[in-house]
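All remarks here apply to the structure that follows.
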Amino acid sequence: MLTDRAGKFMTQREFPRMAAIAVEVTSDGLRVTSENEGTMEIPFEPDSGERGRVTIWNSVCDAEVYLGPVSEWFSDALGIRCQLVYMPDGSRRNVNERFNEGREIVSFADGYPLLVISEASLADLNGRIDEAATKADRSVRAPLPMNRFRPNMVVADSEAYAEDGWVRIRVGEAVFRSTKPCERCVITTVDQANGEFDGKEPLKTLASYRMAKYVMPEKCEALGVNETAVLFGQNLIAETPGATITIDDTIVVVQIR
């Protein structure tokens, strides 16, 4: 995770240029690339051993800090002083207690470990964006890509918004439990290719039909969701840590709402 020098987490909400840093997992760690700073290889764990406290939303936990060239590389790439931090095994950040069925953890992810979205949901959204643009007598936008929503799992061959009703799904030998719909924020308006804000879509169109008060008015309070939040995708927790999934695995819906 990237933080400022005080340990507060950084996201594309305030620093959209983060999207333009490409990250690849290698056998030894991470390979990061930016247009202005080139490529750097980063080991999975920092060798400094320096620890600090970091803040993600309302959570505070321990982290190890990458000192020297690694954090300097990110600072130069983003044009702001920042640092890369690592969560050691002894540090824990638990999933929101409202949805935690044991000692489930989320690490440094924004809110929940995983996110699933169907291709049909995105196709429906893009159709509505195009229709709205045509009615307003503007040039029809090119379809928004799935990376605007940064899902971990993308599903083909389902109905649009079928994921809204999934409570548990099985992918291969892995079982996942849904927690709540994902409340979408301004990051969805960031062009992930160039790291810049790109207008009001998709939030403008999503607000016209995917506010919580339209999608699940009777469940807002129970799930802790603001009724004006726009929802797209489902947050997931893996119930079978260590299981493997692969591209083209079949998804079996085990339990529905």
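The chains in the structure tokens are called A, B, ... from first to last as shown; in each chain the residues are counted from 1, and the ligands are counted from 1 in the order shown.
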
Write out as a PyMOL selection string the residues lying within 9 Å of Leu231 (chain A), counting only C-alpha atoms and excluding same-chain residues fewer than 5 positions away. chain A and resi 181-184+206-207+210-212+215

Which neighbours of Gly165 (chain A) fall inside 12 Å, counting only C-alpha atoms, when residues of the same chain fewer than 5 positions from it are skipped, and could you give them as an mmCIF file with all heavy atoms, in the first residue's frame?
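File produced: part_2.cif:
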data_model
loop_
_atom_site.group_PDB
_atom_site.id
_atom_site.type_symbol
_atom_site.label_atom_id
_atom_site.label_comp_id
_atom_site.auth_asym_id
_atom_site.auth_seq_id
_atom_site.Cartn_x
_atom_site.Cartn_y
_atom_site.Cartn_z
ATOM 1 N N SER A 158 -23.862 -14.524 -17.634
ATOM 2 C CA SER A 158 -24.912 -14.402 -16.614
ATOM 3 C C SER A 158 -25.874 -13.302 -17.044
ATOM 4 O O SER A 158 -25.630 -12.574 -18.006
ATOM 5 C CB SER A 158 -24.307 -14.056 -15.248
ATOM 6 O OG SER A 158 -23.881 -12.698 -15.225
ATOM 7 N N GLU A 159 -26.971 -13.180 -16.309
ATOM 8 C CA GLU A 159 -27.866 -12.048 -16.509
ATOM 9 C C GLU A 159 -27.234 -10.798 -15.897
ATOM 10 O O GLU A 159 -26.420 -10.880 -14.975
ATOM 11 C CB GLU A 159 -29.221 -12.319 -15.855
ATOM 12 C CG GLU A 159 -29.984 -13.489 -16.448
ATOM 13 C CD GLU A 159 -30.411 -13.233 -17.876
ATOM 14 O OE1 GLU A 159 -30.743 -12.068 -18.190
ATOM 15 O OE2 GLU A 159 -30.409 -14.186 -18.680
ATOM 16 N N ALA A 160 -27.619 -9.649 -16.404
ATOM 17 C CA ALA A 160 -27.129 -8.396 -15.824
ATOM 18 C C ALA A 160 -27.560 -8.293 -14.371
ATOM 19 O O ALA A 160 -28.712 -8.576 -14.036
ATOM 20 C CB ALA A 160 -27.670 -7.204 -16.615
ATOM 21 N N ARG A 177 -18.229 -15.946 -0.141
ATOM 22 C CA ARG A 177 -19.445 -15.422 0.472
ATOM 23 C C ARG A 177 -19.573 -13.939 0.152
ATOM 24 O O ARG A 177 -18.627 -13.167 0.309
ATOM 25 C CB ARG A 177 -19.390 -15.612 1.992
ATOM 26 C CG ARG A 177 -20.660 -15.152 2.709
ATOM 27 C CD ARG A 177 -20.582 -15.369 4.210
ATOM 28 N NE ARG A 177 -19.826 -14.347 4.926
ATOM 29 C CZ ARG A 177 -18.617 -14.503 5.419
ATOM 30 N NH1 ARG A 177 -17.979 -15.661 5.284
ATOM 31 N NH2 ARG A 177 -18.017 -13.515 6.065
ATOM 32 N N SER A 178 -20.758 -13.552 -0.277
ATOM 33 C CA SER A 178 -21.021 -12.147 -0.541
ATOM 34 C C SER A 178 -21.279 -11.417 0.769
ATOM 35 O O SER A 178 -21.905 -11.959 1.684
ATOM 36 C CB SER A 178 -22.229 -12.007 -1.471
ATOM 37 O OG SER A 178 -22.580 -10.656 -1.636
ATOM 38 N N THR A 179 -20.808 -10.195 0.875
ATOM 39 C CA THR A 179 -21.084 -9.379 2.058
ATOM 40 C C THR A 179 -22.162 -8.349 1.749
ATOM 41 O O THR A 179 -23.253 -8.391 2.292
ATOM 42 C CB THR A 179 -19.818 -8.658 2.548
ATOM 43 O OG1 THR A 179 -19.295 -7.829 1.496
ATOM 44 C CG2 THR A 179 -18.760 -9.668 2.962
ATOM 45 N N LYS A 180 -21.851 -7.440 0.845
ATOM 46 C CA LYS A 180 -22.810 -6.406 0.475
ATOM 47 C C LYS A 180 -22.424 -5.846 -0.892
ATOM 48 O O LYS A 180 -21.301 -6.049 -1.360
ATOM 49 C CB LYS A 180 -22.823 -5.279 1.508
ATOM 50 C CG LYS A 180 -21.573 -4.422 1.537
ATOM 51 C CD LYS A 180 -21.708 -3.321 2.572
ATOM 52 C CE LYS A 180 -20.545 -2.330 2.514
ATOM 53 N NZ LYS A 180 -20.515 -1.578 1.245
ATOM 54 N N PRO A 181 -23.342 -5.146 -1.551
ATOM 55 C CA PRO A 181 -22.991 -4.523 -2.821
ATOM 56 C C PRO A 181 -21.890 -3.484 -2.636
ATOM 57 O O PRO A 181 -21.756 -2.880 -1.569
ATOM 58 C CB PRO A 181 -24.308 -3.870 -3.269
ATOM 59 C CG PRO A 181 -25.374 -4.545 -2.483
ATOM 60 C CD PRO A 181 -24.750 -4.918 -1.175
ATOM 61 N N VAL A 215 -32.390 -0.104 -5.624
ATOM 62 C CA VAL A 215 -31.977 -1.499 -5.788
ATOM 63 C C VAL A 215 -32.412 -2.372 -4.617
ATOM 64 O O VAL A 215 -32.859 -3.515 -4.800
ATOM 65 C CB VAL A 215 -30.448 -1.575 -5.972
ATOM 66 C CG1 VAL A 215 -29.976 -3.026 -6.054
ATOM 67 C CG2 VAL A 215 -30.017 -0.801 -7.215
ATOM 68 N N MET A 216 -32.260 -1.878 -3.391
ATOM 69 C CA MET A 216 -32.541 -2.703 -2.207
ATOM 70 C C MET A 216 -33.018 -1.836 -1.050
ATOM 71 O O MET A 216 -32.381 -1.776 0.003
ATOM 72 C CB MET A 216 -31.288 -3.478 -1.789
ATOM 73 C CG MET A 216 -30.011 -2.653 -1.821
ATOM 74 S SD MET A 216 -28.601 -3.510 -1.124
ATOM 75 C CE MET A 216 -28.129 -2.308 0.105
ATOM 76 N N GLY A 233 -21.552 -4.214 -8.531
ATOM 77 C CA GLY A 233 -20.665 -5.302 -8.133
ATOM 78 C C GLY A 233 -20.940 -5.731 -6.704
ATOM 79 O O GLY A 233 -21.642 -5.045 -5.951
ATOM 80 N N GLN A 234 -20.377 -6.904 -6.350
ATOM 81 C CA GLN A 234 -20.575 -7.453 -5.009
ATOM 82 C C GLN A 234 -19.228 -7.709 -4.342
ATOM 83 O O GLN A 234 -18.306 -8.258 -4.959
ATOM 84 C CB GLN A 234 -21.336 -8.777 -5.087
ATOM 85 C CG GLN A 234 -22.813 -8.627 -5.398
ATOM 86 C CD GLN A 234 -23.612 -8.102 -4.219
ATOM 87 O OE1 GLN A 234 -23.435 -8.533 -3.091
ATOM 88 N NE2 GLN A 234 -24.511 -7.167 -4.483
ATOM 89 N N ASN A 235 -19.124 -7.305 -3.070
ATOM 90 C CA ASN A 235 -17.926 -7.586 -2.284
ATOM 91 C C ASN A 235 -17.960 -9.039 -1.808
ATOM 92 O O ASN A 235 -19.006 -9.529 -1.368
ATOM 93 C CB ASN A 235 -17.848 -6.652 -1.079
ATOM 94 C CG ASN A 235 -17.646 -5.213 -1.480
ATOM 95 O OD1 ASN A 235 -16.720 -4.882 -2.196
ATOM 96 N ND2 ASN A 235 -18.534 -4.332 -1.023
ATOM 97 N N VAL A 253 -23.705 -21.097 -8.349
ATOM 98 C CA VAL A 253 -24.361 -20.296 -7.319
ATOM 99 C C VAL A 253 -24.905 -21.262 -6.270
ATOM 100 O O VAL A 253 -25.826 -22.040 -6.517
ATOM 101 C CB VAL A 253 -25.497 -19.442 -7.909
ATOM 102 C CG1 VAL A 253 -26.171 -18.633 -6.810
ATOM 103 C CG2 VAL A 253 -24.956 -18.521 -8.988
ATOM 104 N N VAL A 254 -24.316 -21.214 -5.086
ATOM 105 C CA VAL A 254 -24.662 -22.139 -4.000
ATOM 106 C C VAL A 254 -25.863 -21.649 -3.216
ATOM 107 O O VAL A 254 -26.717 -22.433 -2.783
ATOM 108 C CB VAL A 254 -23.453 -22.340 -3.070
ATOM 109 C CG1 VAL A 254 -23.810 -23.245 -1.888
ATOM 110 C CG2 VAL A 254 -22.264 -22.897 -3.842
ATOM 111 N N GLN A 255 -25.949 -20.329 -3.024
ATOM 112 C CA GLN A 255 -27.026 -19.762 -2.218
ATOM 113 C C GLN A 255 -27.386 -18.393 -2.765
ATOM 114 O O GLN A 255 -26.506 -17.598 -3.112
ATOM 115 C CB GLN A 255 -26.573 -19.636 -0.748
ATOM 116 C CG GLN A 255 -27.630 -19.111 0.200
ATOM 117 C CD GLN A 255 -27.101 -19.004 1.637
ATOM 118 O OE1 GLN A 255 -25.975 -19.393 1.910
ATOM 119 N NE2 GLN A 255 -27.909 -18.481 2.534
ATOM 120 N N ILE A 256 -28.675 -18.108 -2.863
ATOM 121 C CA ILE A 256 -29.127 -16.811 -3.364
ATOM 122 C C ILE A 256 -29.929 -16.104 -2.280
ATOM 123 O O ILE A 256 -30.364 -16.716 -1.305
ATOM 124 C CB ILE A 256 -29.980 -16.955 -4.645
ATOM 125 C CG1 ILE A 256 -31.240 -17.777 -4.351
ATOM 126 C CG2 ILE A 256 -29.163 -17.557 -5.759
ATOM 127 C CD1 ILE A 256 -32.192 -17.827 -5.542
ATOM 128 N N ARG A 257 -30.099 -14.801 -2.453
ATOM 129 C CA ARG A 257 -30.838 -14.009 -1.463
ATOM 130 C C ARG A 257 -32.347 -14.304 -1.574
ATOM 131 O O ARG A 257 -32.861 -14.535 -2.630
ATOM 132 C CB ARG A 257 -30.608 -12.522 -1.686
ATOM 133 C CG ARG A 257 -29.143 -12.133 -1.546
ATOM 134 C CD ARG A 257 -28.944 -10.639 -1.537
ATOM 135 N NE ARG A 257 -27.530 -10.315 -1.720
ATOM 136 C CZ ARG A 257 -26.614 -10.404 -0.770
ATOM 137 N NH1 ARG A 257 -26.973 -10.798 0.430
ATOM 138 N NH2 ARG A 257 -25.341 -10.106 -1.010
#

Could you check which of A:Glu101, A:Asp191, A:Asp164, A:Glu173 is closest to Phe232 (chain A), using only C-alpha atoms?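 Distance minimum relative to Phe232 (chain A) lands on A:Asp164.
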
Skip Leu30 (chain A) itself and residues of its chain fewer than 2 positions away, then list as a PyMOL selection string all residues within 6 Å of it, counting only C-alpha atoms. chain A and resi 24-26+41-42

So that I have them on file, write out the residues from the current selection with N, CA, C and O atoms, as a PDB file, in the first residue's frame.
ATOM      1  N   GLU A  24       3.090  -5.653 -11.634  1.00  0.00           N
ATOM      2  CA  GLU A  24       3.128  -7.058 -12.045  1.00  0.00           C
ATOM      3  C   GLU A  24       3.747  -7.889 -10.926  1.00  0.00           C
ATOM      4  O   GLU A  24       4.749  -7.485 -10.330  1.00  0.00           O
ATOM      5  N   VAL A  25       3.132  -9.020 -10.631  1.00  0.00           N
ATOM      6  CA  VAL A  25       3.678  -9.932  -9.628  1.00  0.00           C
ATOM      7  C   VAL A  25       4.694 -10.851 -10.308  1.00  0.00           C
ATOM      8  O   VAL A  25       4.407 -11.455 -11.338  1.00  0.00           O
ATOM      9  N   THR A  26       5.885 -10.949  -9.732  1.00  0.00           N
ATOM     10  CA  THR A  26       6.920 -11.847 -10.238  1.00  0.00           C
ATOM     11  C   THR A  26       7.198 -12.924  -9.194  1.00  0.00           C
ATOM     12  O   THR A  26       6.595 -12.937  -8.124  1.00  0.00           O
ATOM     13  N   GLU A  41      12.188  -3.230  -9.715  1.00  0.00           N
ATOM     14  CA  GLU A  41      11.888  -4.509  -9.085  1.00  0.00           C
ATOM     15  C   GLU A  41      11.863  -4.318  -7.575  1.00  0.00           C
ATOM     16  O   GLU A  41      12.779  -3.721  -6.998  1.00  0.00           O
ATOM     17  N   ILE A  42      10.804  -4.826  -6.930  1.00  0.00           N
ATOM     18  CA  ILE A  42      10.625  -4.637  -5.492  1.00  0.00           C
ATOM     19  C   ILE A  42      10.465  -5.999  -4.827  1.00  0.00           C
ATOM     20  O   ILE A  42       9.596  -6.783  -5.236  1.00  0.00           O
TER      21      ILE A  42
END

Could you check which of A:Gly102, A:Gly79, A:Gly90, A:Gly7 is closest to Val54 (chain A), using only C-alpha atoms?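 Under the stated criterion, the closest residue is A:Gly7.
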
Residue with the minimum atom-to-atom distance to Asp4 (chain A), picked from A:Val230, A:Ala63, A:Ile80, A:Ile247 with only C-alpha atoms counted, is A:Ile80

Determine, counting only C-alpha atoms, which protein, DNA and RNA residues have an atom within 12 Å of an atom of Ala222 (chain A); residues of the same chain fewer than 3 positions away are not included. Present the result as a list in words. Arg98, Phe99, Thr179, Lys180, Met216, Pro217, Glu218, Lys219, Val225, Asn226 and Glu227 of chain A

Nearby residues (only C-alpha atoms) at most 9 Å from region 73-75 of chain A, same-chain spacing under 3 positions excluded, as a compact mmCIF listing (two decimals) with N, CA and C atoms, in the first residue's frame:
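Below you can see part_8.txt, which holds the result:
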# COMPACT_ATOMS: atom_id res chain seq x y z
N LEU A 2 0.41 2.28 -0.67
CA LEU A 2 1.09 3.57 -0.61
C LEU A 2 0.44 4.43 0.46
N ILE A 21 0.49 3.67 -12.87
CA ILE A 21 1.60 2.82 -12.46
C ILE A 21 1.18 1.36 -12.67
N GLU A 37 9.29 7.17 -14.83
CA GLU A 37 10.33 6.62 -13.96
C GLU A 37 10.85 5.25 -14.41
N MET A 40 10.96 -0.70 -11.88
CA MET A 40 11.70 -1.05 -10.68
C MET A 40 11.24 -2.41 -10.18
N GLY A 68 14.30 4.34 1.36
CA GLY A 68 15.26 4.58 0.29
C GLY A 68 14.66 4.55 -1.11
N PRO A 69 15.34 3.85 -2.06
CA PRO A 69 14.99 3.94 -3.49
C PRO A 69 13.55 3.56 -3.82
N VAL A 70 12.97 2.58 -3.11
CA VAL A 70 11.61 2.14 -3.45
C VAL A 70 10.61 3.27 -3.24
N LEU A 78 4.72 9.83 -8.77
CA LEU A 78 3.45 10.50 -8.48
C LEU A 78 3.60 12.00 -8.24
N GLY A 79 4.82 12.45 -8.07
CA GLY A 79 5.04 13.87 -7.82
C GLY A 79 4.61 14.30 -6.44
N ILE A 80 4.63 13.38 -5.47
CA ILE A 80 4.27 13.71 -4.10
C ILE A 80 5.03 12.77 -3.17
N ARG A 81 5.44 13.27 -2.01
CA ARG A 81 6.20 12.44 -1.07
C ARG A 81 5.29 11.36 -0.51
N CYS A 82 5.69 10.11 -0.70
CA CYS A 82 4.90 8.98 -0.22
C CYS A 82 5.83 7.82 0.09
N GLN A 83 5.26 6.75 0.60
CA GLN A 83 6.06 5.57 0.93
C GLN A 83 5.25 4.31 0.67
N LEU A 84 5.98 3.26 0.32
CA LEU A 84 5.36 1.95 0.15
C LEU A 84 5.48 1.19 1.46

Go through region 73-234 of chain A and collect every residue that DSSP, computed from the backbone, puts in helix (DSSP H, G or I); the answer should be as a VMD selection string. chain A and resid 73 to 78 119 to 135 146 to 148 162 to 165 186 to 189 203 to 209 212 to 215 220 to 223

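Of the listed residues A:Leu114, A:Leu122, A:Val65, A:Ile237, the one whose atoms come nearest to Pro46 (chain A) is A:Val65, with distances taken using only C-alpha atoms.
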
Neighbours of region 147-154 of chain A within 6 Å (only C-alpha atoms; same-chain residues fewer than 5 positions away dropped), as a ChimeraX atom specification? /A:114-118,188

Selected residues written out, C-alpha atoms, as a PDB file, in the first residue's frame:
ATOM      1  CA  LEU A 114     -12.557  -9.352  -3.320  1.00  0.00           C
ATOM      2  CA  LEU A 115     -15.045  -7.924  -5.814  1.00  0.00           C
ATOM      3  CA  VAL A 116     -17.092  -9.693  -8.495  1.00  0.00           C
ATOM      4  CA  ILE A 117     -18.855  -8.075 -11.470  1.00  0.00           C
ATOM      5  CA  SER A 118     -20.600  -9.660 -14.455  1.00  0.00           C
ATOM      6  CA  THR A 188     -14.755   4.933 -11.373  1.00  0.00           C
TER       7      THR A 188
END

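Neighbouring residues of Gly172 (chain A) at 7 Å or closer, counting only C-alpha atoms and skipping chain neighbours under 5 positions away, are Ile245, Asp249 and Thr250 of chain A.
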
Rounded to one decimal place, report the CA of Asn36 (chain A)-CA of Ala77 (chain A) distance in Å.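 CA of Ala77 (chain A) lies 6.5 Å from CA of Asn36 (chain A).
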
Could you give me, as a PyMOL selection string, each residue of region 159-239 of chain A that DSSP assigns to strand (DSSP E or B) when run on this structure's backbone? chain A and resi 166-171+174-183+190-191+196-197+211+230-238
